[in-house]
$ cat structure_35.txt   # compact mmCIF, C-alpha atoms
# COMPACT_ATOMS: atom_id res chain seq x y z
CA MET A 1 -20.19 -4.86 -10.74
CA ASP A 2 -19.68 -3.07 -14.04
CA ASP A 3 -16.04 -3.76 -14.93
CA SER A 4 -16.12 -1.07 -17.64
CA ARG A 5 -16.08 1.68 -15.02
CA ALA A 6 -12.95 3.39 -13.74
CA SER A 7 -10.83 2.07 -10.89
CA HIS A 8 -8.70 3.77 -8.26
CA LEU A 9 -5.32 2.59 -6.99
CA SER A 10 -3.36 4.06 -4.08
CA VAL A 11 0.21 2.80 -3.74
CA VAL A 12 2.11 3.02 -0.43
CA LEU A 13 5.90 2.84 -0.88
CA ASP A 14 8.21 1.85 1.94
CA LEU A 15 11.26 4.07 1.31
CA SER A 16 13.40 3.22 4.33
CA PRO A 17 17.00 3.88 3.16
CA PHE A 18 18.46 1.38 5.64
CA GLN A 19 16.18 -1.46 4.55
CA TRP A 20 16.76 -0.75 0.86
CA GLN A 21 20.50 -0.88 1.46
CA LEU A 22 20.06 -4.34 2.97
CA SER A 23 17.87 -5.37 0.04
CA ALA A 24 20.56 -4.28 -2.43
CA GLU A 25 23.17 -6.42 -0.65
CA HIS A 26 21.03 -9.49 0.00
CA GLN A 27 21.84 -12.62 -1.98
CA PRO A 28 20.40 -14.15 -4.03
CA TYR A 29 18.40 -11.73 -6.18
CA PRO A 30 19.56 -8.35 -4.82
CA LEU A 31 17.13 -5.51 -5.52
CA PRO A 32 18.45 -1.93 -5.14
CA LEU A 33 16.13 1.04 -4.85
CA ASN A 34 16.77 2.34 -8.37
CA ALA A 35 15.86 -1.04 -9.93
CA PHE A 36 12.73 -1.18 -7.77
CA LEU A 37 11.62 2.28 -8.88
CA SER A 38 12.07 1.50 -12.58
CA GLN A 39 9.82 -1.56 -12.27
CA LEU A 40 7.35 0.35 -10.10
CA LEU A 41 6.94 3.10 -12.71
CA ALA A 42 6.21 0.47 -15.37
CA PHE A 43 3.47 -0.93 -13.12
CA LEU A 44 1.98 2.52 -12.44
CA ASN A 45 1.94 3.26 -16.17
CA SER A 46 0.17 -0.05 -16.77
CA HIS A 47 -2.62 0.98 -14.39
CA VAL A 48 -2.93 4.38 -16.06
CA ALA A 49 -3.01 2.76 -19.52
CA SER A 50 -5.62 0.16 -18.55
CA LYS A 51 -8.41 2.73 -18.74
CA HIS A 52 -8.29 6.45 -19.37
CA GLU A 53 -10.57 7.20 -16.41
CA ASN A 54 -8.45 5.26 -13.89
CA THR A 55 -7.11 7.33 -11.01
CA LEU A 56 -3.83 6.92 -9.17
CA ALA A 57 -2.24 8.16 -5.96
CA VAL A 58 1.24 7.40 -4.62
CA PHE A 59 2.25 7.78 -0.97
CA ALA A 60 5.71 7.41 0.58
CA ALA A 61 6.45 5.98 4.02
CA LEU A 62 9.72 7.57 5.13
CA PRO A 63 11.64 7.46 8.43
CA GLY A 64 9.52 9.49 10.83
CA LYS A 65 6.99 10.82 8.30
CA SER A 66 4.68 10.00 5.42
CA VAL A 67 3.90 12.16 2.38
CA MET A 68 1.87 12.10 -0.82
CA LEU A 69 4.08 11.90 -3.89
CA TYR A 70 1.52 12.01 -6.69
CA SER A 71 -2.21 12.31 -7.27
CA SER A 72 -3.93 12.11 -10.63
CA THR A 73 -6.61 14.49 -9.38
CA ASP A 74 -4.11 17.34 -8.91
CA PRO A 75 -3.71 19.89 -11.70
CA VAL A 76 -0.82 19.33 -14.10
CA PRO A 77 2.12 21.61 -13.16
CA ASP A 78 3.51 23.96 -15.78
CA THR A 79 7.05 22.66 -15.17
CA ILE A 80 6.28 19.31 -16.83
CA VAL A 81 7.61 19.30 -20.39
CA VAL A 82 6.17 16.56 -22.59
CA GLU A 83 8.19 15.41 -25.58
CA ALA A 84 6.49 14.75 -28.90
CA ASP A 85 7.32 11.04 -28.78
CA SER A 86 6.05 10.41 -25.23
CA TYR A 87 2.61 9.68 -23.78
CA PRO A 88 1.71 12.64 -21.51
CA PRO A 89 0.16 10.64 -18.62
CA PHE A 90 3.25 8.40 -18.44
CA LYS A 91 5.57 11.41 -18.49
CA LEU A 92 3.58 13.11 -15.73
CA VAL A 93 3.60 10.07 -13.44
CA ASN A 94 7.27 9.23 -13.98
CA SER A 95 8.65 12.74 -13.59
CA THR A 96 6.47 13.69 -10.62
CA VAL A 97 7.07 10.51 -8.61
CA MET A 98 10.83 10.50 -9.19
CA ARG A 99 11.22 14.21 -8.45
CA ARG A 100 9.28 13.98 -5.20
CA ILE A 101 11.17 10.86 -4.06
CA VAL A 102 14.53 12.58 -4.64
CA GLU A 103 13.35 15.67 -2.77
CA GLU A 104 12.11 13.69 0.23
CA LEU A 105 15.19 11.46 0.46
CA ASP A 106 17.51 14.46 0.25
CA ALA A 107 15.60 16.17 3.06
CA LEU A 108 15.82 13.25 5.51
CA GLN A 109 17.37 14.06 8.87
CA ASP A 110 17.31 10.72 10.67
CA GLU A 111 17.52 7.77 8.27
CA GLU A 112 17.40 5.20 11.09
CA ALA A 113 14.04 6.34 12.50
CA PRO A 114 11.15 3.88 12.21
CA CYS A 115 9.38 4.02 8.87
CA SER A 116 5.92 5.59 9.08
CA LEU A 117 4.11 2.90 7.08
CA VAL A 118 0.90 3.14 9.09
CA GLY A 119 0.79 6.91 8.60
CA ALA A 120 1.05 6.50 4.83
CA LEU A 121 -1.68 3.83 4.88
CA ALA A 122 -3.97 6.11 6.90
CA LYS A 123 -3.39 8.97 4.45
CA ALA A 124 -4.20 6.68 1.54
CA LEU A 125 -7.50 5.68 3.18
CA CYS A 126 -8.37 9.32 3.93
CA TYR A 127 -7.66 10.21 0.30
CA ILE A 128 -9.87 7.39 -0.96
CA ASN A 129 -12.64 8.46 1.41
CA ARG A 130 -12.44 12.00 0.02
CA ILE A 131 -12.52 11.12 -3.68
CA THR A 132 -15.22 8.46 -3.35
CA LEU A 133 -17.73 10.58 -1.45
CA PRO A 134 -20.80 11.37 -3.59
CA SER A 135 -20.55 14.81 -5.12
CA ALA A 136 -23.19 17.31 -4.07
CA ASN A 137 -23.58 18.65 -7.61
CA THR A 138 -23.76 15.22 -9.26
CA THR A 139 -26.97 13.38 -9.90
CA ASN A 140 -27.38 9.65 -10.21
CA ASN A 141 -27.49 8.19 -13.69
CA PRO A 142 -30.88 6.53 -14.04
CA ALA A 143 -29.51 4.21 -16.70
CA ASP A 144 -27.29 2.25 -14.31
CA GLY A 145 -28.31 3.55 -10.90
CA HIS A 146 -24.73 4.60 -10.03
CA ASP A 147 -23.29 7.92 -8.97
CA PRO A 148 -20.60 8.61 -11.60
CA SER A 149 -18.47 10.38 -8.97
CA ILE A 150 -18.01 7.13 -7.00
CA LEU A 151 -15.13 4.96 -8.17
CA PRO A 152 -15.68 1.19 -7.84
CA ASP A 153 -13.10 -1.17 -6.42
CA PRO A 154 -10.85 1.34 -4.64
CA ARG A 155 -7.74 -0.44 -3.42
CA VAL A 156 -4.44 0.16 -1.68
CA LEU A 157 -1.20 -1.60 -2.60
CA VAL A 158 1.48 -1.63 0.11
CA LEU A 159 5.05 -2.33 -1.04
CA SER A 160 7.01 -3.03 2.13
CA VAL A 161 10.64 -3.79 3.00
CA SER A 162 10.53 -3.01 6.74
CA PRO A 163 9.79 -5.43 9.60
CA ASP A 164 6.71 -5.08 11.81
CA LEU A 165 6.71 -2.46 14.56
CA SER A 166 4.90 -3.83 17.60
CA THR A 167 3.92 -0.29 18.60
CA SER A 168 1.93 0.07 15.35
CA TYR A 169 -0.46 -2.81 16.08
CA ILE A 170 -3.38 -0.68 17.29
CA PRO A 171 -3.03 2.01 14.55
CA ILE A 172 -2.85 -0.59 11.79
CA MET A 173 -5.87 -2.46 13.16
CA ASN A 174 -7.79 0.83 13.18
CA SER A 175 -6.76 1.30 9.54
CA ILE A 176 -8.00 -2.20 8.72
CA PHE A 177 -11.40 -1.49 10.30
CA SER A 178 -11.62 1.79 8.35
CA ALA A 179 -10.78 -0.02 5.10
CA GLN A 180 -13.49 -2.58 5.78
CA LYS A 181 -16.05 0.17 6.32
CA LEU A 182 -14.97 1.95 3.13
CA LYS A 183 -14.93 -1.39 1.23
CA VAL A 184 -11.29 -0.79 0.29
CA THR A 185 -9.10 -3.77 -0.60
CA ILE A 186 -5.57 -3.76 0.84
CA ASP A 187 -2.97 -5.68 -1.17
CA VAL A 188 0.51 -6.27 0.22
CA CYS A 189 3.79 -7.20 -1.44
CA GLN A 190 6.55 -7.92 1.08
CA ILE A 191 9.67 -7.31 -1.01
CA TYR A 192 12.39 -7.85 1.57
CA GLY A 193 12.75 -9.16 5.12
CA LEU A 194 10.55 -11.42 7.17
CA ASP A 195 6.83 -11.92 6.64
CA SER A 196 4.79 -9.06 8.08
CA VAL A 197 2.29 -10.31 10.67
CA PHE A 198 0.18 -7.15 10.65
CA LEU A 199 0.13 -6.70 6.87
CA GLN A 200 -0.91 -10.33 6.43
CA GLN A 201 -3.93 -9.61 8.60
CA ALA A 202 -4.66 -6.38 6.69
CA ALA A 203 -4.76 -8.21 3.36
CA HIS A 204 -6.82 -11.12 4.71
CA LEU A 205 -9.43 -9.01 6.54
CA THR A 206 -10.03 -6.70 3.55
CA GLY A 207 -10.14 -9.41 0.89
CA GLY A 208 -6.78 -8.52 -0.65
CA SER A 209 -3.70 -10.52 -1.63
CA TYR A 210 -0.50 -10.87 0.37
CA ILE A 211 2.59 -11.97 -1.52
CA TYR A 212 6.06 -12.53 -0.12
CA LEU A 213 8.51 -11.91 -2.93
CA GLU A 214 10.78 -14.92 -3.35
CA ARG A 215 12.24 -13.83 -6.70
CA ARG A 216 12.84 -10.13 -6.34
CA ASP A 217 14.30 -9.91 -9.83
CA ALA A 218 10.77 -10.71 -11.09
CA LEU A 219 9.06 -7.90 -9.18
CA LEU A 220 7.33 -6.42 -12.22
CA GLN A 221 5.85 -9.79 -13.19
CA TYR A 222 4.42 -10.19 -9.67
CA LEU A 223 2.94 -6.69 -9.78
CA ILE A 224 1.36 -7.06 -13.23
CA MET A 225 -0.07 -10.54 -12.73
CA SER A 226 -1.25 -10.22 -9.12
CA PHE A 227 -2.01 -6.58 -8.38
CA LEU A 228 -2.91 -4.89 -11.68
CA PRO A 229 -6.39 -6.50 -12.06
CA PRO A 230 -9.05 -4.84 -9.87
CA PRO A 231 -10.77 -7.00 -7.23
CA SER A 232 -13.90 -7.49 -9.34
CA ILE A 233 -11.86 -9.14 -12.12
CA ARG A 234 -9.72 -11.29 -9.84
CA LYS A 235 -12.63 -13.65 -9.30
CA THR A 236 -12.04 -15.04 -12.77
CA LEU A 237 -8.24 -15.09 -12.49
CA SER A 238 -5.92 -17.41 -10.60
CA VAL A 239 -4.48 -14.77 -8.25
CA PRO A 240 -2.08 -16.11 -5.58
CA THR A 241 -3.62 -16.44 -2.13
CA GLN A 242 -2.23 -16.91 1.37
CA ASP A 243 -1.66 -20.51 2.42
CA LYS A 244 -1.48 -19.55 6.10
CA ILE A 245 -2.12 -16.36 8.02
CA ASP A 246 -0.35 -15.26 11.18
CA PHE A 247 -3.06 -13.92 13.51
CA ARG A 248 -0.77 -13.07 16.41
CA ALA A 249 -1.41 -9.78 18.19
CA ALA A 250 0.71 -7.32 20.15
CA CYS A 251 0.11 -7.00 23.90
CA PHE A 252 -1.09 -3.66 25.21
CA CYS A 253 1.36 -3.62 28.13
CA HIS A 254 4.76 -4.17 26.51
CA LYS A 255 3.86 -3.93 22.78
CA ASN A 256 5.34 -7.38 22.12
CA ILE A 257 3.94 -9.81 19.52
CA ILE A 258 2.69 -12.80 21.51
CA ASP A 259 1.41 -16.31 20.80
CA VAL A 260 -0.71 -16.66 23.96
CA GLY A 261 -2.28 -13.71 25.77
CA PHE A 262 -4.81 -12.73 28.40
CA VAL A 263 -7.84 -10.74 27.28
CA CYS A 264 -9.83 -8.33 29.45
CA SER A 265 -13.47 -9.41 29.42
CA VAL A 266 -14.65 -5.78 29.51
CA CYS A 267 -12.51 -3.83 27.01
CA LEU A 268 -10.86 -6.77 25.17
CA SER A 269 -7.35 -5.45 25.84
CA ILE A 270 -4.61 -8.07 25.36
CA PHE A 271 -1.88 -8.63 27.97
CA CYS A 272 1.13 -10.95 27.91
CA GLN A 273 0.73 -11.69 31.64
CA PRO A 274 -2.33 -11.93 33.88
CA VAL A 275 -3.10 -8.65 35.66
CA PRO A 276 -5.51 -8.20 38.60
CA VAL A 277 -6.85 -4.87 37.28
CA CYS A 278 -7.05 -3.85 33.64
CA SER A 279 -4.82 -0.83 33.03
CA THR A 280 -6.88 0.41 30.11

$ encode --input "structure_35.txt" --output "structure tokens"
Amino acid sequence: MDDSRASHLSVVLDLSPFQWQLSAEHQPYPLPLNAFLSQLLAFLNSHVASKHENTLAVFAALPGKSVMLYSSTDPVPDTIVVEADSYPPFKLVNSTVMRRIVEELDALQDEEAPCSLVGALAKALCYINRITLPSANTTNNPADGHDPSILPDPRVLVLSVSPDLSTSYIPIMNSIFSAQKLKVTIDVCQIYGLDSVFLQQAAHLTGGSYIYLERRDALLQYLIMSFLPPPSIRKTLSVPTQDKIDFRAACFCHKNIIDVGFVCSVCLSIFCQPVPVCST
């Protein structure tokens, strides 16, 4: 792997207002949404500054929907005013992400609806699939044998504060299989709440890192040290790894996370109780 080539990062933000309210009130180390966003923007700017050719996309998982907040491949809007003492890429990322987050949060109708984290993850994978497809009008470079339109080490970083939804087990497993086929690494940072069973499996099965944030006041340090280096460079770094992985699954009948289940020998469906005839 040529580490001098560009890298792509897609970030999935869990923007559940209810969960962020709990995070702001949790002791010790409360982390409100505004403090999280300030540290997030510093991390995004670090990725942009690492290499000029690096690409970035930001997706938001909101109650009942998921949207794209920013893409470095989109044209620069005329409304962005860059000051003389600011770096234009930083200004573009900061202003666009913050403006879109405010717009989406103001437009929310039901703040207590389940957060569409899987939908945002699926959109991130679809976006990566689109930008990494070989271009029809691009020829391979005989010097290195690579198509310059293909970005190496595409990865997704999920920043989550919501608990697992048992109904999302099958969709998130489908996303994991798609990421494996696309050779996309999924990194996860669980900022608040209990450990996520499904996101642990997503990080493990795609070769990514899963970190449960114990010191939320040090979020930026976790992001810079663990998730800024691309996967090809992490081999030479001491990146935190998972000591144990929760491989529990959700049953197909009641959508409950179970420790012991019964598997259909034909379709491999999982049930919490033995059934005479497979319902799937």

$ closest_residue --input "structure_35.txt" --among "A:Leu165, A:Pro75, A:Phe43, A:Val48" --to "Met225 in chain A" --atoms "all atoms listed in the file"
A:Phe43

$ residues_near_point --input "structure_35.txt" --point "(1.6, 4.6, -13.1)" --cutoff "10 Å" --atoms "only C-alpha atoms" --output "VMD selection string"
chain A and resid 9 11 40 to 49 55 to 58 70 72 89 to 94 97

$ write_last_selection --input "structure_35.txt" --atoms "C-alpha atoms" --output "PDB file, in the frame of the given file"
ATOM      1  CA  LEU A   9      -5.320   2.590  -6.990  1.00  0.00           C
ATOM      2  CA  VAL A  11       0.210   2.800  -3.740  1.00  0.00           C
ATOM      3  CA  LEU A  40       7.350   0.350 -10.100  1.00  0.00           C
ATOM      4  CA  LEU A  41       6.940   3.100 -12.710  1.00  0.00           C
ATOM      5  CA  ALA A  42       6.210   0.470 -15.370  1.00  0.00           C
ATOM      6  CA  PHE A  43       3.470  -0.930 -13.120  1.00  0.00           C
ATOM      7  CA  LEU A  44       1.980   2.520 -12.440  1.00  0.00           C
ATOM      8  CA  ASN A  45       1.940   3.260 -16.170  1.00  0.00           C
ATOM      9  CA  SER A  46       0.170  -0.050 -16.770  1.00  0.00           C
ATOM     10  CA  HIS A  47      -2.620   0.980 -14.390  1.00  0.00           C
ATOM     11  CA  VAL A  48      -2.930   4.380 -16.060  1.00  0.00           C
ATOM     12  CA  ALA A  49      -3.010   2.760 -19.520  1.00  0.00           C
ATOM     13  CA  THR A  55      -7.110   7.330 -11.010  1.00  0.00           C
ATOM     14  CA  LEU A  56      -3.830   6.920  -9.170  1.00  0.00           C
ATOM     15  CA  ALA A  57      -2.240   8.160  -5.960  1.00  0.00           C
ATOM     16  CA  VAL A  58       1.240   7.400  -4.620  1.00  0.00           C
ATOM     17  CA  TYR A  70       1.520  12.010  -6.690  1.00  0.00           C
ATOM     18  CA  SER A  72      -3.930  12.110 -10.630  1.00  0.00           C
ATOM     19  CA  PRO A  89       0.160  10.640 -18.620  1.00  0.00           C
ATOM     20  CA  PHE A  90       3.250   8.400 -18.440  1.00  0.00           C
ATOM     21  CA  LYS A  91       5.570  11.410 -18.490  1.00  0.00           C
ATOM     22  CA  LEU A  92       3.580  13.110 -15.730  1.00  0.00           C
ATOM     23  CA  VAL A  93       3.600  10.070 -13.440  1.00  0.00           C
ATOM     24  CA  ASN A  94       7.270   9.230 -13.980  1.00  0.00           C
ATOM     25  CA  VAL A  97       7.070  10.510  -8.610  1.00  0.00           C
TER      26      VAL A  97
END

$ atom_distance --input "structure_35.txt" --atom1 "CA of Cys272 in chain A" --atom2 "CA of Gly193 in chain A"
25.6 Å

$ residues_near_point --input "structure_35.txt" --point "(10.6, 7.7, -2.4)" --cutoff "6 Å" --atoms "only C-alpha atoms" --output "PyMOL selection string"
chain A and resi 15+60+101

$ closest_residue --input "structure_35.txt" --among "A:Gln27, A:Gln242, A:Leu62, A:Leu205" --to "Asp14 in chain A" --atoms "all atoms listed in the file"
A:Leu62

$ atom_distance --input "structure_35.txt" --atom1 "CA of Ser269 in chain A" --atom2 "CA of Asp195 in chain A"
24.7 Å

$ build_atoms --input "structure_35.txt" --residues "range 89-104 of chain A" --atoms "N, CA, C and O atoms" --output "PDB file, in the frame of the given file"
ATOM      1  N   PRO A  89       0.392  11.182 -19.966  1.00  0.00           N
ATOM      2  CA  PRO A  89       0.160  10.640 -18.620  1.00  0.00           C
ATOM      3  C   PRO A  89       1.359   9.878 -18.065  1.00  0.00           C
ATOM      4  O   PRO A  89       1.659   9.957 -16.865  1.00  0.00           O
ATOM      5  N   PHE A  90       2.063   9.119 -18.905  1.00  0.00           N
ATOM      6  CA  PHE A  90       3.250   8.400 -18.440  1.00  0.00           C
ATOM      7  C   PHE A  90       4.334   9.386 -18.003  1.00  0.00           C
ATOM      8  O   PHE A  90       4.971   9.202 -16.961  1.00  0.00           O
ATOM      9  N   LYS A  91       4.548  10.401 -18.804  1.00  0.00           N
ATOM     10  CA  LYS A  91       5.570  11.410 -18.490  1.00  0.00           C
ATOM     11  C   LYS A  91       5.246  12.111 -17.180  1.00  0.00           C
ATOM     12  O   LYS A  91       6.146  12.358 -16.359  1.00  0.00           O
ATOM     13  N   LEU A  92       3.986  12.414 -16.957  1.00  0.00           N
ATOM     14  CA  LEU A  92       3.580  13.110 -15.730  1.00  0.00           C
ATOM     15  C   LEU A  92       3.818  12.238 -14.504  1.00  0.00           C
ATOM     16  O   LEU A  92       4.369  12.701 -13.497  1.00  0.00           O
ATOM     17  N   VAL A  93       3.414  10.975 -14.570  1.00  0.00           N
ATOM     18  CA  VAL A  93       3.600  10.070 -13.440  1.00  0.00           C
ATOM     19  C   VAL A  93       5.085   9.863 -13.151  1.00  0.00           C
ATOM     20  O   VAL A  93       5.540  10.004 -12.006  1.00  0.00           O
ATOM     21  N   ASN A  94       5.856   9.541 -14.172  1.00  0.00           N
ATOM     22  CA  ASN A  94       7.270   9.230 -13.980  1.00  0.00           C
ATOM     23  C   ASN A  94       8.044  10.416 -13.404  1.00  0.00           C
ATOM     24  O   ASN A  94       8.794  10.278 -12.434  1.00  0.00           O
ATOM     25  N   SER A  95       7.877  11.585 -14.024  1.00  0.00           N
ATOM     26  CA  SER A  95       8.650  12.740 -13.590  1.00  0.00           C
ATOM     27  C   SER A  95       8.239  13.221 -12.205  1.00  0.00           C
ATOM     28  O   SER A  95       9.092  13.575 -11.384  1.00  0.00           O
ATOM     29  N   THR A  96       6.936  13.206 -11.914  1.00  0.00           N
ATOM     30  CA  THR A  96       6.470  13.690 -10.620  1.00  0.00           C
ATOM     31  C   THR A  96       6.904  12.765  -9.488  1.00  0.00           C
ATOM     32  O   THR A  96       7.414  13.224  -8.456  1.00  0.00           O
ATOM     33  N   VAL A  97       6.714  11.463  -9.665  1.00  0.00           N
ATOM     34  CA  VAL A  97       7.070  10.510  -8.610  1.00  0.00           C
ATOM     35  C   VAL A  97       8.577  10.540  -8.345  1.00  0.00           C
ATOM     36  O   VAL A  97       9.019  10.603  -7.195  1.00  0.00           O
ATOM     37  N   MET A  98       9.385  10.504  -9.382  1.00  0.00           N
ATOM     38  CA  MET A  98      10.830  10.500  -9.190  1.00  0.00           C
ATOM     39  C   MET A  98      11.330  11.803  -8.575  1.00  0.00           C
ATOM     40  O   MET A  98      12.198  11.792  -7.685  1.00  0.00           O
ATOM     41  N   ARG A  99      10.791  12.925  -9.013  1.00  0.00           N
ATOM     42  CA  ARG A  99      11.220  14.210  -8.450  1.00  0.00           C
ATOM     43  C   ARG A  99      10.879  14.311  -6.977  1.00  0.00           C
ATOM     44  O   ARG A  99      11.710  14.736  -6.161  1.00  0.00           O
ATOM     45  N   ARG A 100       9.691  13.879  -6.608  1.00  0.00           N
ATOM     46  CA  ARG A 100       9.280  13.980  -5.200  1.00  0.00           C
ATOM     47  C   ARG A 100      10.067  13.000  -4.326  1.00  0.00           C
ATOM     48  O   ARG A 100      10.402  13.316  -3.189  1.00  0.00           O
ATOM     49  N   ILE A 101      10.386  11.815  -4.845  1.00  0.00           N
ATOM     50  CA  ILE A 101      11.170  10.860  -4.060  1.00  0.00           C
ATOM     51  C   ILE A 101      12.569  11.418  -3.791  1.00  0.00           C
ATOM     52  O   ILE A 101      13.088  11.348  -2.666  1.00  0.00           O
ATOM     53  N   VAL A 102      13.198  11.996  -4.812  1.00  0.00           N
ATOM     54  CA  VAL A 102      14.530  12.580  -4.640  1.00  0.00           C
ATOM     55  C   VAL A 102      14.488  13.727  -3.628  1.00  0.00           C
ATOM     56  O   VAL A 102      15.373  13.847  -2.761  1.00  0.00           O
ATOM     57  N   GLU A 103      13.459  14.550  -3.706  1.00  0.00           N
ATOM     58  CA  GLU A 103      13.350  15.670  -2.770  1.00  0.00           C
ATOM     59  C   GLU A 103      13.195  15.184  -1.327  1.00  0.00           C
ATOM     60  O   GLU A 103      13.839  15.713  -0.405  1.00  0.00           O
ATOM     61  N   GLU A 104      12.353  14.172  -1.124  1.00  0.00           N
ATOM     62  CA  GLU A 104      12.110  13.690   0.230  1.00  0.00           C
ATOM     63  C   GLU A 104      13.320  12.955   0.802  1.00  0.00           C
ATOM     64  O   GLU A 104      13.653  13.098   1.981  1.00  0.00           O
TER      65      GLU A 104
END
